[in-house]
file query36.txt (compact mmCIF, C-alpha atoms)
# COMPACT_ATOMS: atom_id res chain seq x y z
CA MET A 102 -17.37 -12.51 8.29
CA ASN A 103 -15.52 -11.27 11.37
CA MET A 104 -14.23 -7.75 10.69
CA ASP A 105 -12.70 -7.63 14.17
CA LYS A 106 -10.29 -10.49 13.48
CA GLN A 107 -6.77 -9.32 14.32
CA ILE A 108 -4.15 -9.70 11.57
CA PRO A 109 -0.42 -9.73 12.50
CA LEU A 110 1.29 -6.70 10.97
CA THR A 111 4.63 -8.20 9.96
CA PRO A 112 3.28 -10.73 7.42
CA PHE A 113 0.70 -8.17 6.25
CA PHE A 114 3.31 -5.56 5.38
CA ILE A 115 5.70 -8.16 3.95
CA SER A 116 2.93 -9.34 1.63
CA LEU A 117 2.08 -5.75 0.72
CA ASN A 118 5.68 -4.97 -0.21
CA GLU A 119 5.94 -8.17 -2.24
CA ALA A 120 2.72 -7.33 -4.07
CA LEU A 121 4.22 -3.99 -5.12
CA SER A 122 7.33 -5.57 -6.61
CA MET A 123 6.04 -6.62 -10.02
CA PHE A 124 7.59 -3.93 -12.22
CA ASN A 125 10.48 -2.24 -10.38
CA ARG A 126 11.94 -4.55 -7.78
CA GLU A 127 15.03 -2.48 -7.09
CA VAL A 128 12.90 0.35 -5.77
CA THR A 129 9.78 -1.40 -4.49
CA ARG A 130 11.69 -4.09 -2.58
CA HIS A 131 13.64 -1.41 -0.72
CA ASN A 132 11.43 -1.78 2.37
CA LEU A 133 12.01 -5.54 2.42
CA ARG A 134 15.77 -5.12 2.16
CA VAL A 135 15.77 -2.51 4.92
CA ALA A 136 13.76 -4.89 7.11
CA TYR A 137 16.38 -7.57 6.48
CA ILE A 138 19.20 -5.16 7.40
CA VAL A 139 17.29 -4.10 10.50
CA SER A 140 17.06 -7.73 11.57
CA LEU A 141 20.86 -8.01 11.23
CA ILE A 142 21.38 -4.81 13.21
CA SER A 143 18.95 -6.00 15.88
CA ASP A 144 21.04 -9.12 16.36
CA ALA A 145 24.28 -7.14 16.40
CA VAL A 146 23.14 -4.77 19.15
CA GLU A 147 20.98 -7.34 20.98
CA LEU A 148 17.70 -5.44 20.90
CA SER A 149 14.80 -6.57 23.06
CA THR A 150 12.04 -8.60 21.43
CA GLU A 151 9.70 -5.59 21.49
CA ASP A 152 12.23 -3.17 19.99
CA ARG A 153 13.24 -5.69 17.33
CA ARG A 154 9.61 -6.25 16.36
CA ASP A 155 8.80 -2.53 16.20
CA LEU A 156 11.94 -1.77 14.21
CA ILE A 157 11.20 -4.50 11.65
CA ILE A 158 7.59 -3.35 11.23
CA THR A 159 8.79 0.24 10.84
CA ALA A 160 11.35 -0.80 8.24
CA LEU A 161 8.58 -2.44 6.23
CA VAL A 162 6.56 0.81 6.18
CA HIS A 163 9.15 3.56 6.59
CA ASP A 164 8.62 4.91 3.04
CA ILE A 165 4.87 4.25 2.95
CA GLY A 166 4.25 8.00 2.57
CA ALA A 167 6.10 8.12 -0.77
CA PHE A 168 2.90 7.63 -2.73
CA THR A 169 3.95 7.89 -6.37
CA ASP A 170 6.54 5.95 -8.38
CA GLU A 171 8.46 9.19 -8.94
CA MET A 172 8.64 9.98 -5.24
CA LYS A 173 9.74 6.42 -4.40
CA GLU A 174 12.55 6.63 -6.96
CA ASN A 175 13.60 10.10 -5.83
CA VAL A 176 13.79 9.00 -2.20
CA MET A 177 15.70 5.86 -3.18
CA TYR A 178 18.30 7.71 -5.25
CA ASP A 179 18.67 10.86 -3.11
CA LEU A 180 16.81 13.06 -5.59
CA GLU A 181 13.89 14.03 -3.35
CA PRO A 182 14.20 17.73 -2.40
CA ASN A 183 12.07 17.45 0.76
CA LEU A 184 12.40 14.13 2.55
CA GLN A 185 10.10 15.29 5.32
CA VAL A 186 7.06 15.10 3.01
CA HIS A 187 6.95 11.32 2.76
CA SER A 188 8.08 10.91 6.37
CA THR A 189 5.20 13.09 7.58
CA ASN A 190 2.64 11.45 5.29
CA GLY A 191 3.60 8.00 6.51
CA SER A 192 3.69 9.08 10.13
CA ILE A 193 0.18 10.54 9.99
CA MET A 194 -1.26 7.46 8.30
CA LEU A 195 0.18 5.16 10.95
CA PHE A 196 -0.78 7.47 13.82
CA ASN A 197 -4.40 7.55 12.63
CA ILE A 198 -4.72 3.77 12.91
CA GLY A 199 -3.19 3.64 16.36
CA LEU A 200 0.44 2.71 15.62
CA LYS A 201 1.84 5.62 17.60
CA ARG A 202 5.36 4.31 18.26
CA ILE A 203 5.80 3.14 14.64
CA SER A 204 4.48 6.52 13.53
CA LYS A 205 7.12 8.34 15.58
CA LEU A 206 9.94 6.22 14.15
CA VAL A 207 8.75 6.87 10.58
CA GLU A 208 8.39 10.60 11.24
CA HIS A 209 12.05 11.03 12.22
CA HIS A 210 13.87 8.47 10.04
CA HIS A 211 15.56 11.20 7.95
CA ASP A 212 16.46 13.48 10.86
CA ARG A 213 20.05 14.52 11.44
CA LEU A 214 21.96 13.15 14.40
CA LYS A 215 21.50 16.31 16.48
CA SER A 216 17.70 16.15 16.12
CA ILE A 217 17.63 12.43 16.86
CA SER A 218 19.64 12.96 20.05
CA GLY A 219 16.87 15.26 21.28
CA LEU A 220 14.20 12.55 21.06
CA ASP A 221 13.17 10.27 23.89
CA PRO A 222 16.07 7.79 24.14
CA SER A 223 13.75 4.80 23.64
CA ILE A 224 12.73 6.32 20.29
CA GLY A 225 15.95 8.08 19.26
CA TYR A 226 18.11 4.96 19.48
CA LEU A 227 15.78 3.00 17.20
CA VAL A 228 15.45 5.94 14.79
CA GLY A 229 19.23 5.99 14.42
CA LEU A 230 19.30 2.27 13.64
CA LEU A 231 16.46 2.58 11.11
CA LYS A 232 18.15 5.53 9.41
CA LEU A 233 21.36 3.51 9.23
CA ALA A 234 19.61 0.49 7.66
CA ASP A 235 17.96 2.79 5.09
CA PHE A 236 21.36 4.31 4.24
CA ILE A 237 23.06 0.92 3.91
CA ASP A 238 20.45 -0.35 1.48
CA ARG A 239 20.37 2.74 -0.71
CA ARG A 240 24.15 2.75 -0.95
CA SER A 241 24.26 -1.03 -1.48
CA ILE A 242 22.01 -0.68 -4.53
CA LEU A 243 23.97 2.30 -5.83
CA HIS A 244 27.32 0.52 -5.57
CA TYR A 245 26.09 -3.06 -6.06
CA ARG A 246 28.09 -3.73 -9.24
CA THR A 247 31.15 -1.83 -8.08
CA ARG A 248 34.22 -3.84 -7.10
CA TRP A 249 35.01 -1.47 -4.23
CA ARG A 250 31.42 -1.30 -2.95
CA VAL A 251 32.30 -2.03 0.70
CA GLU A 252 35.04 0.58 0.76
CA LEU A 253 32.83 3.16 -0.97
CA ILE A 254 29.96 2.71 1.48
CA LEU A 255 32.27 2.88 4.49
CA SER A 256 33.97 6.01 3.18
CA GLU A 257 30.58 7.69 2.67
CA ILE A 258 29.39 6.96 6.17
CA ASP A 259 32.76 7.88 7.67
CA ALA A 260 32.49 11.28 6.00
CA VAL A 261 29.29 12.09 7.94
CA VAL A 262 30.13 10.55 11.32
CA GLY A 263 29.25 13.18 13.89
CA ASP A 264 26.67 14.88 11.65
CA GLU A 265 24.47 12.00 10.50
CA TYR A 266 25.81 8.87 12.21
CA THR A 267 27.91 7.79 15.17
CA GLN A 268 31.14 5.86 15.27
CA ASP A 269 29.12 2.89 16.51
CA HIS A 270 26.97 3.12 13.39
CA TYR A 271 30.14 2.94 11.29
CA ARG A 272 31.23 -0.20 13.15
CA ILE A 273 27.83 -1.88 12.64
CA THR A 274 27.85 -1.03 8.94
CA LYS A 275 31.32 -2.48 8.47
CA GLU A 276 30.32 -5.67 10.27
CA ILE A 277 27.26 -6.16 8.04
CA ILE A 278 28.48 -5.24 4.55
CA SER A 279 31.84 -7.02 4.90
CA GLN A 280 29.99 -10.34 4.86
CA LYS A 281 29.43 -12.05 1.50
CA ALA A 282 26.20 -13.51 2.91
CA TYR A 283 24.74 -10.00 3.08
CA TRP A 284 25.28 -9.32 -0.62
CA ASP A 285 23.97 -12.76 -1.56
CA LYS A 286 20.78 -12.12 0.44
CA VAL A 287 20.25 -8.74 -1.23
CA LYS A 288 20.53 -10.43 -4.61
CA MET A 289 18.00 -13.09 -3.60
CA ILE A 290 15.53 -10.52 -2.26
CA ASN A 291 15.69 -8.56 -5.51
CA ALA A 292 15.23 -11.73 -7.55
CA GLN A 293 12.17 -12.58 -5.41
CA LYS A 294 13.63 -15.96 -4.58
CA LEU A 295 12.68 -15.55 -0.92
CA ARG A 296 9.11 -15.68 0.32
CA TYR A 297 10.15 -13.57 3.31
CA SER A 298 13.19 -11.40 3.74
CA VAL A 299 12.89 -11.35 7.53
CA GLU A 300 11.77 -13.86 10.07
CA CYS A 301 8.28 -13.00 11.33
CA PRO A 302 7.85 -12.73 15.08
CA ASP A 303 5.63 -15.24 16.79
CA ALA A 304 2.00 -14.21 16.34
CA LYS A 305 1.63 -13.60 20.07
CA GLU A 306 4.56 -11.13 19.96
CA ASP A 307 3.56 -9.33 16.75
CA LEU A 308 1.44 -6.20 16.61
CA SER A 309 -1.93 -6.66 14.92
CA LEU A 310 -4.85 -4.68 13.51
CA ASN A 311 -8.31 -5.60 12.23
CA ALA A 312 -9.38 -5.65 8.59
CA ASN A 313 -10.99 -2.21 8.73
CA SER A 314 -7.81 -0.49 9.95
CA LEU A 315 -5.64 -2.30 7.41
CA SER A 316 -8.05 -1.46 4.58
CA LYS A 317 -7.79 2.24 5.49
CA ILE A 318 -4.04 2.06 4.88
CA ILE A 319 -4.62 0.49 1.47
CA MET A 320 -7.32 3.03 0.58
CA THR A 321 -5.05 5.96 1.41
CA LEU A 322 -2.14 4.52 -0.58
CA VAL A 323 -4.24 3.80 -3.67
CA ASP A 324 -6.10 7.09 -3.61
CA HIS A 325 -2.85 9.07 -3.39
CA LYS A 326 -0.84 7.08 -5.92
CA SER A 327 -2.20 9.07 -8.86
CA LYS A 328 -4.35 12.16 -9.33
CA HIS A 329 -6.52 9.89 -11.46
CA THR A 330 -7.11 7.44 -8.60
CA TYR A 331 -7.61 10.18 -6.02
CA ASN A 332 -10.65 9.44 -3.83
CA HIS A 333 -11.81 6.62 -6.13
CA THR A 334 -11.41 3.89 -3.52
CA MET A 335 -13.28 5.90 -0.93
CA LYS A 336 -16.10 6.60 -3.41
CA VAL A 337 -16.45 2.89 -4.19
CA ALA A 338 -16.37 1.89 -0.53
CA LYS A 339 -19.03 4.40 0.55
CA THR A 340 -21.20 3.81 -2.53
CA ALA A 341 -21.17 0.07 -1.88
CA GLU A 342 -21.98 0.60 1.81
CA ILE A 343 -24.93 2.91 0.97
CA LEU A 344 -26.21 0.52 -1.69
CA GLY A 345 -26.15 -2.30 0.82
CA SER A 346 -28.05 -0.17 3.30
CA VAL A 347 -30.83 0.96 0.93
CA MET A 348 -31.15 -2.64 -0.29
CA GLY A 349 -31.91 -3.65 3.28
CA LEU A 350 -28.80 -5.69 3.97
CA PRO A 351 -27.77 -6.25 7.62
CA ALA A 352 -25.36 -3.77 9.17
CA ASP A 353 -22.54 -6.32 9.33
CA GLU A 354 -22.81 -6.96 5.58
CA CYS A 355 -22.76 -3.22 4.89
CA GLU A 356 -19.56 -3.03 6.91
CA VAL A 357 -18.09 -5.86 4.85
CA LEU A 358 -18.97 -3.91 1.70
CA ARG A 359 -17.18 -0.82 2.98
CA VAL A 360 -14.04 -2.75 3.94
CA ALA A 361 -14.05 -4.70 0.66
CA GLY A 362 -14.40 -1.42 -1.21
CA GLN A 363 -11.42 0.01 0.67
CA PHE A 364 -9.40 -3.06 -0.31
CA HIS A 365 -10.64 -3.54 -3.88
CA ASP A 366 -7.87 -1.70 -5.75
CA ILE A 367 -4.83 -2.92 -3.80
CA GLY A 368 -3.50 -4.18 -7.11
CA LYS A 369 -3.33 -0.62 -8.47
CA LEU A 370 -0.35 -0.09 -6.15
CA ALA A 371 1.61 -2.49 -8.35
CA ILE A 372 0.68 -0.68 -11.58
CA PRO A 373 3.22 1.89 -12.84
CA ASN A 374 2.09 5.51 -12.70
CA SER A 375 2.98 5.76 -16.38
CA LEU A 376 -0.08 3.60 -17.12
CA LEU A 377 -2.41 5.02 -14.48
CA ASP A 378 -1.72 8.54 -15.76
CA LYS A 379 -1.60 7.77 -19.48
CA ARG A 380 -3.72 10.00 -21.69
CA GLY A 381 -5.39 8.00 -24.39
CA LYS A 382 -6.11 4.32 -24.92
CA LEU A 383 -3.78 1.68 -23.52
CA ASP A 384 -2.22 -0.68 -26.03
CA LEU A 385 -2.68 -4.44 -25.64
CA GLU A 386 0.44 -5.00 -23.54
CA GLN A 387 -0.42 -2.07 -21.27
CA ARG A 388 -4.01 -3.28 -20.97
CA LEU A 389 -2.81 -6.72 -19.85
CA ILE A 390 -0.58 -5.10 -17.22
CA MET A 391 -3.45 -2.92 -16.00
CA ASP A 392 -5.75 -5.94 -15.77
CA THR A 393 -3.35 -7.69 -13.38
CA HIS A 394 -4.49 -5.38 -10.59
CA VAL A 395 -7.51 -7.56 -9.78
CA GLN A 396 -5.34 -10.67 -9.68
CA VAL A 397 -3.00 -8.93 -7.23
CA THR A 398 -5.96 -7.83 -5.07
CA PHE A 399 -7.46 -11.32 -4.97
CA GLY A 400 -4.13 -13.04 -4.26
CA PHE A 401 -3.10 -10.58 -1.58
CA LEU A 402 -6.32 -10.95 0.42
CA HIS A 403 -6.50 -14.70 -0.09
CA ARG A 404 -2.95 -15.27 1.20
CA LEU A 405 -3.75 -13.33 4.35
CA GLY A 406 -6.77 -15.52 5.06
CA PHE A 407 -9.38 -12.93 3.98
CA HIS A 408 -11.02 -15.48 1.69
CA GLU A 409 -14.49 -13.90 1.53
CA LEU A 410 -13.04 -10.41 1.13
CA ALA A 411 -10.81 -11.74 -1.66
CA VAL A 412 -13.93 -12.77 -3.60
CA ILE A 413 -15.95 -9.63 -2.85
CA ALA A 414 -13.09 -7.20 -3.58
CA GLY A 415 -11.15 -9.23 -6.15
CA PHE A 416 -14.12 -9.93 -8.44
CA HIS A 417 -15.02 -6.29 -9.08
CA HIS A 418 -14.26 -6.59 -12.82
CA GLU A 419 -16.09 -9.90 -13.25
CA ARG A 420 -19.37 -9.69 -15.18
CA LEU A 421 -22.57 -11.74 -14.97
CA ASP A 422 -22.22 -12.90 -18.59
CA GLY A 423 -18.66 -14.15 -17.99
CA SER A 424 -17.03 -11.41 -20.07
CA GLY A 425 -15.09 -9.84 -17.20
CA TYR A 426 -11.65 -10.52 -15.80
CA HIS A 427 -9.44 -11.96 -14.18
CA PHE A 428 -11.23 -15.31 -13.82
CA GLY A 429 -14.04 -14.86 -16.34
CA TYR A 430 -16.63 -16.06 -13.81
CA ASP A 431 -20.34 -15.71 -14.60
CA GLU A 432 -23.39 -15.04 -12.43
CA LYS A 433 -23.30 -18.54 -10.92
CA ALA A 434 -19.99 -17.71 -9.18
CA LEU A 435 -20.61 -14.08 -8.23
CA PRO A 436 -22.17 -13.51 -4.78
CA GLN A 437 -24.39 -10.52 -4.11
CA LEU A 438 -21.76 -8.49 -2.25
CA ALA A 439 -19.27 -8.90 -5.14
CA ARG A 440 -21.97 -7.71 -7.55
CA ILE A 441 -22.55 -4.62 -5.41
CA ILE A 442 -18.84 -3.76 -5.43
CA ALA A 443 -18.79 -4.18 -9.23
CA VAL A 444 -21.64 -1.68 -9.67
CA ALA A 445 -20.09 0.73 -7.18
CA ASP A 446 -16.75 0.52 -9.00
CA VAL A 447 -18.29 1.35 -12.39
CA PHE A 448 -20.25 4.21 -10.85
CA GLY A 449 -17.21 5.53 -9.00
CA ALA A 450 -15.19 5.54 -12.22
CA VAL A 451 -17.68 7.37 -14.45
CA ILE A 452 -18.46 10.21 -12.02
CA GLU A 453 -14.79 11.23 -11.93
CA ASP A 454 -12.35 12.56 -14.51
CA ARG A 455 -9.91 10.09 -15.99
CA PRO A 456 -6.82 10.91 -18.09
CA TYR A 457 -8.61 9.75 -21.26
CA ARG A 458 -12.04 11.39 -20.63
CA ALA A 459 -13.99 13.78 -18.46
CA ALA A 460 -16.61 12.64 -15.95
CA LEU A 461 -19.85 11.59 -17.64
CA SER A 462 -23.14 13.45 -17.32
CA ASP A 463 -25.86 12.05 -15.06
CA GLU A 464 -27.98 11.03 -18.04
CA SER A 465 -25.04 9.26 -19.69
CA ILE A 466 -24.20 7.45 -16.46
CA LYS A 467 -27.74 6.19 -15.98
CA ASN A 468 -28.01 5.08 -19.61
CA MET A 469 -24.66 3.28 -19.43
CA LEU A 470 -25.60 1.44 -16.23
CA ILE A 471 -28.98 0.38 -17.65
CA LYS A 472 -27.30 -0.82 -20.87
CA GLN A 473 -24.82 -2.95 -18.92
CA ALA A 474 -27.70 -4.40 -16.91
CA ASP A 475 -29.61 -5.15 -20.14
CA GLN A 476 -26.49 -6.92 -21.48
CA ASN A 477 -26.35 -9.02 -18.28
CA LYS A 478 -23.02 -7.57 -17.25
CA LEU A 479 -24.14 -5.79 -14.07
CA ASP A 480 -26.86 -6.96 -11.69
CA ARG A 481 -30.14 -5.32 -12.74
CA ASN A 482 -31.57 -5.06 -9.21
CA ILE A 483 -28.45 -3.34 -7.89
CA VAL A 484 -28.31 -0.96 -10.85
CA GLN A 485 -31.96 -0.06 -10.38
CA CYS A 486 -31.38 0.55 -6.68
CA LEU A 487 -28.52 2.94 -7.51
CA ILE A 488 -30.64 4.80 -10.05
CA ASP A 489 -33.58 5.03 -7.63
CA ASN A 490 -31.24 6.62 -5.06
CA TYR A 491 -28.98 8.34 -7.56
CA SER A 492 -28.99 11.89 -6.19
CA GLU A 493 -28.36 10.77 -2.62
CA ILE A 494 -25.54 8.39 -3.56
CA LYS A 495 -23.78 10.73 -5.98
CA GLY A 496 -24.12 13.65 -3.60
CA TYR A 497 -22.50 11.68 -0.83
CA ALA A 498 -19.72 10.46 -3.13
CA LEU A 499 -18.88 14.00 -4.23
CA LYS A 500 -18.77 15.19 -0.61
CA LEU A 501 -15.77 12.91 -0.14
CA GLU A 502 -13.60 15.06 -2.40
CA GLY A 503 -10.59 16.39 -0.52
CA TYR A 504 -11.05 14.21 2.55
CA LEU A 505 -7.95 12.11 2.00
CA LEU A 506 -5.72 15.17 1.63
CA GLU A 507 -6.98 16.33 5.00
CA VAL A 508 -6.15 12.94 6.49
CA CYS A 509 -2.57 13.29 5.27
CA GLN A 510 -2.13 16.78 6.64
CA VAL A 511 -3.82 16.75 10.05
CA ARG A 512 -3.60 14.15 12.78
CA GLN A 513 -7.11 13.26 13.88
call {"tool": "encode", "arguments": {"input": "query36.txt", "output": "structure tokens"}}
result
Amino acid sequence: MNMDKQIPLTPFFISLNEALSMFNREVTRHNLRVAYIVSLISDAVELSTEDRRDLIITALVHDIGAFTDEMKENVMYDLEPNLQVHSTNGSIMLFNIGLKRISKLVEHHHDRLKSISGLDPSIGYLVGLLKLADFIDRRSILHYRTRWRVELILSEIDAVVGDEYTQDHYRITKEIISQKAYWDKVKMINAQKLRYSVECPDAKEDLSLNANSLSKIIMTLVDHKSKHTYNHTMKVAKTAEILGSVMGLPADECEVLRVAGQFHDIGKLAIPNSLLDKRGKLDLEQRLIMDTHVQVTFGFLHRLGFHELAVIAGFHHERLDGSGYHFGYDEKALPQLARIIAVADVFGAVIEDRPYRAALSDESIKNMLIKQADQNKLDRNIVQCLIDNYSEIKGYALKLEGYLLEVCQVRQ
């Protein structure tokens, strides 16, 4: 498997936003709607191909630093007391994977007009357009069912011309929201009747990253979504990589294990925080919702052409006896790398606190793993390898505590 294969960013982030839209489309499809508005603005002001591309990609990720459902809703409905928190988080994430210009646009997308005017003109102009698109969408959703929605939005932007927006911004807004086609498209995006809300650039014009860089974005998002998922993805990824190494697997397969581990819980991003943080047992309906996370992970990776990663990461709740989910596959369908991720995921879960229980003791963990191997749920050889190297693996996993917070505070 080629981990250096370059993946175009626009379809990647479109697919990510669509994957998040299962339970609250009004909020989670905000990035898609802003990207659509940005494409309209780009046409209206005749942006260059490069600026249009960068602005659309930025629109798709501009709120990526709003990790929790509560923060996303607060940002969407103007209830967030400190907008710079999610802007900074997102900016640092993007900077750390090499998207420096996108990072700068995200960092400043809530700045006031005076601050924007002090930026490099090549950045400041695009920041102003992004901020405008964000404003138009949030006000469009707020006033969507109001008869005087166009007039209300225009009056709100007119009231802050000179402080937040320019007269040209007012003109662009009027041109866009006065069209019935705009409101029809917003409705279709929310109803998920469109596969894409913006036209993807040609692959040769799009920015791209490899699987490892993209999986780091996913890992950071998942591990910050809830205090009960914090560092879990990183634990699984590193545990799987170490297991592969001590089992004597080639270096390239160990790298695949790490990347698959970083991807394995993408689907948790679509699960409401109310379930991830629930104290006590989930009821049947909630359990079924929670279980969809592996289906989302598999589908997301498969659609992007990561077919082997989809199997390795998306089968982490499958069991050798066929009792797992989502597909109910048995040992005949589960390759070795998928089995390693499954063991690493169980181990990563039981060494950390969850809302319904505390972390298990070492003796309890070993007994539980052996029992699941005896029941032909987990691969016996992999379980035995983990137990034989238990102190080393657990010690390394616990050293990871706090790393992600550092990533989201300091640019490396």
call {"tool": "residues_around", "arguments": {"input": "query36.txt", "residues": "range 386-399 of chain A", "least_positions_apart": "6", "cutoff": "6 Å", "atoms": "only C-alpha atoms", "output": "ChimeraX atom specification"}}
result
/A:367-369,411,415
call {"tool": "closest_residue", "arguments": {"input": "query36.txt", "among": "A:His270, A:His325, A:Arg154, A:His365", "to": "Thr169 in chain A", "atoms": "all atoms listed in the file"}}
result
A:His325
call {"tool": "closest_atom_pairs", "arguments": {"input": "query36.txt", "of": "range 254-319 of chain A", "to": "range 194-214 of chain A", "cutoff": "7 Å", "atoms": "only C-alpha atoms", "output": "tab-separated table"}}
result
residue	atom	partner	partner_atom	distance
A:Asp264	CA	A:Leu214	CA	5.7
A:Glu265	CA	A:Leu214	CA	4.8
A:Tyr266	CA	A:Leu214	CA	6.2
A:Ser314	CA	A:Ile198	CA	6.0
A:Ile318	CA	A:Met194	CA	7.0
call {"tool": "closest_residue", "arguments": {"input": "query36.txt", "among": "A:Leu479, A:Ile372, A:Leu322, A:Ile254", "to": "Ile165 in chain A", "atoms": "all atoms listed in the file"}}
result
A:Leu322
call {"tool": "atom_distance", "arguments": {"input": "query36.txt", "atom1": "CA of Ile413 in chain A", "atom2": "CA of Lys467 in chain A"}}
result
23.7 Å
call {"tool": "residues_near_point", "arguments": {"input": "query36.txt", "point": "(5.0, 13.6, -7.8)", "cutoff": "12 Å", "atoms": "all atoms listed in the file", "output": "PDB file with C-alpha atoms, keeping the file's coordinate frame"}}
result
ATOM      1  CA  GLY A 166       4.250   8.000   2.570  1.00  0.00           C
ATOM      2  CA  ALA A 167       6.100   8.120  -0.770  1.00  0.00           C
ATOM      3  CA  PHE A 168       2.900   7.630  -2.730  1.00  0.00           C
ATOM      4  CA  THR A 169       3.950   7.890  -6.370  1.00  0.00           C
ATOM      5  CA  ASP A 170       6.540   5.950  -8.380  1.00  0.00           C
ATOM      6  CA  GLU A 171       8.460   9.190  -8.940  1.00  0.00           C
ATOM      7  CA  MET A 172       8.640   9.980  -5.240  1.00  0.00           C
ATOM      8  CA  LYS A 173       9.740   6.420  -4.400  1.00  0.00           C
ATOM      9  CA  GLU A 174      12.550   6.630  -6.960  1.00  0.00           C
ATOM     10  CA  ASN A 175      13.600  10.100  -5.830  1.00  0.00           C
ATOM     11  CA  VAL A 176      13.790   9.000  -2.200  1.00  0.00           C
ATOM     12  CA  GLU A 181      13.890  14.030  -3.350  1.00  0.00           C
ATOM     13  CA  PRO A 182      14.200  17.730  -2.400  1.00  0.00           C
ATOM     14  CA  ASN A 183      12.070  17.450   0.760  1.00  0.00           C
ATOM     15  CA  VAL A 186       7.060  15.100   3.010  1.00  0.00           C
ATOM     16  CA  HIS A 187       6.950  11.320   2.760  1.00  0.00           C
ATOM     17  CA  HIS A 325      -2.850   9.070  -3.390  1.00  0.00           C
ATOM     18  CA  LYS A 326      -0.840   7.080  -5.920  1.00  0.00           C
ATOM     19  CA  SER A 327      -2.200   9.070  -8.860  1.00  0.00           C
ATOM     20  CA  LYS A 328      -4.350  12.160  -9.330  1.00  0.00           C
ATOM     21  CA  ASN A 374       2.090   5.510 -12.700  1.00  0.00           C
ATOM     22  CA  SER A 375       2.980   5.760 -16.380  1.00  0.00           C
ATOM     23  CA  ASP A 378      -1.720   8.540 -15.760  1.00  0.00           C
TER      24      ASP A 378
END
call {"tool": "axis_aligned_box", "arguments": {"input": "query36.txt", "around": "range 189-195 of chain A", "padding_each_side": "3 Å", "output": "lines of an AutoDock Vina configuration file"}}
result
center_x = 2.0
center_y = 9.1
center_z = 8.1
size_x = 12.5
size_y = 13.9
size_z = 11.7
call {"tool": "atom_distance", "arguments": {"input": "query36.txt", "atom1": "CA of Asp454 in chain A", "atom2": "CA of Ala414 in chain A"}}
result
22.6 Å
call {"tool": "closest_residue", "arguments": {"input": "query36.txt", "among": "A:Arg134, A:Lys382, A:Lys336, A:Arg440", "to": "Lys286 in chain A", "atoms": "only C-alpha atoms"}}
result
A:Arg134
call {"tool": "closest_residue", "arguments": {"input": "query36.txt", "among": "A:Lys288, A:His418, A:Arg153, A:Arg240", "to": "Asp431 in chain A", "atoms": "all atoms listed in the file"}}
result
A:His418
call {"tool": "closest_residue", "arguments": {"input": "query36.txt", "among": "A:Ala371, A:Leu310, A:Leu383, A:Met335", "to": "Asp105 in chain A", "atoms": "only C-alpha atoms"}}
result
A:Leu310
call {"tool": "atom_distance", "arguments": {"input": "query36.txt", "atom1": "CA of Ser140 in chain A", "atom2": "CA of Ile157 in chain A"}}
result
6.7 Å
call {"tool": "closest_residue", "arguments": {"input": "query36.txt", "among": "A:Ala460, A:Leu402, A:Ala160, A:Leu117", "to": "His329 in chain A", "atoms": "all atoms listed in the file"}}
result
A:Ala460
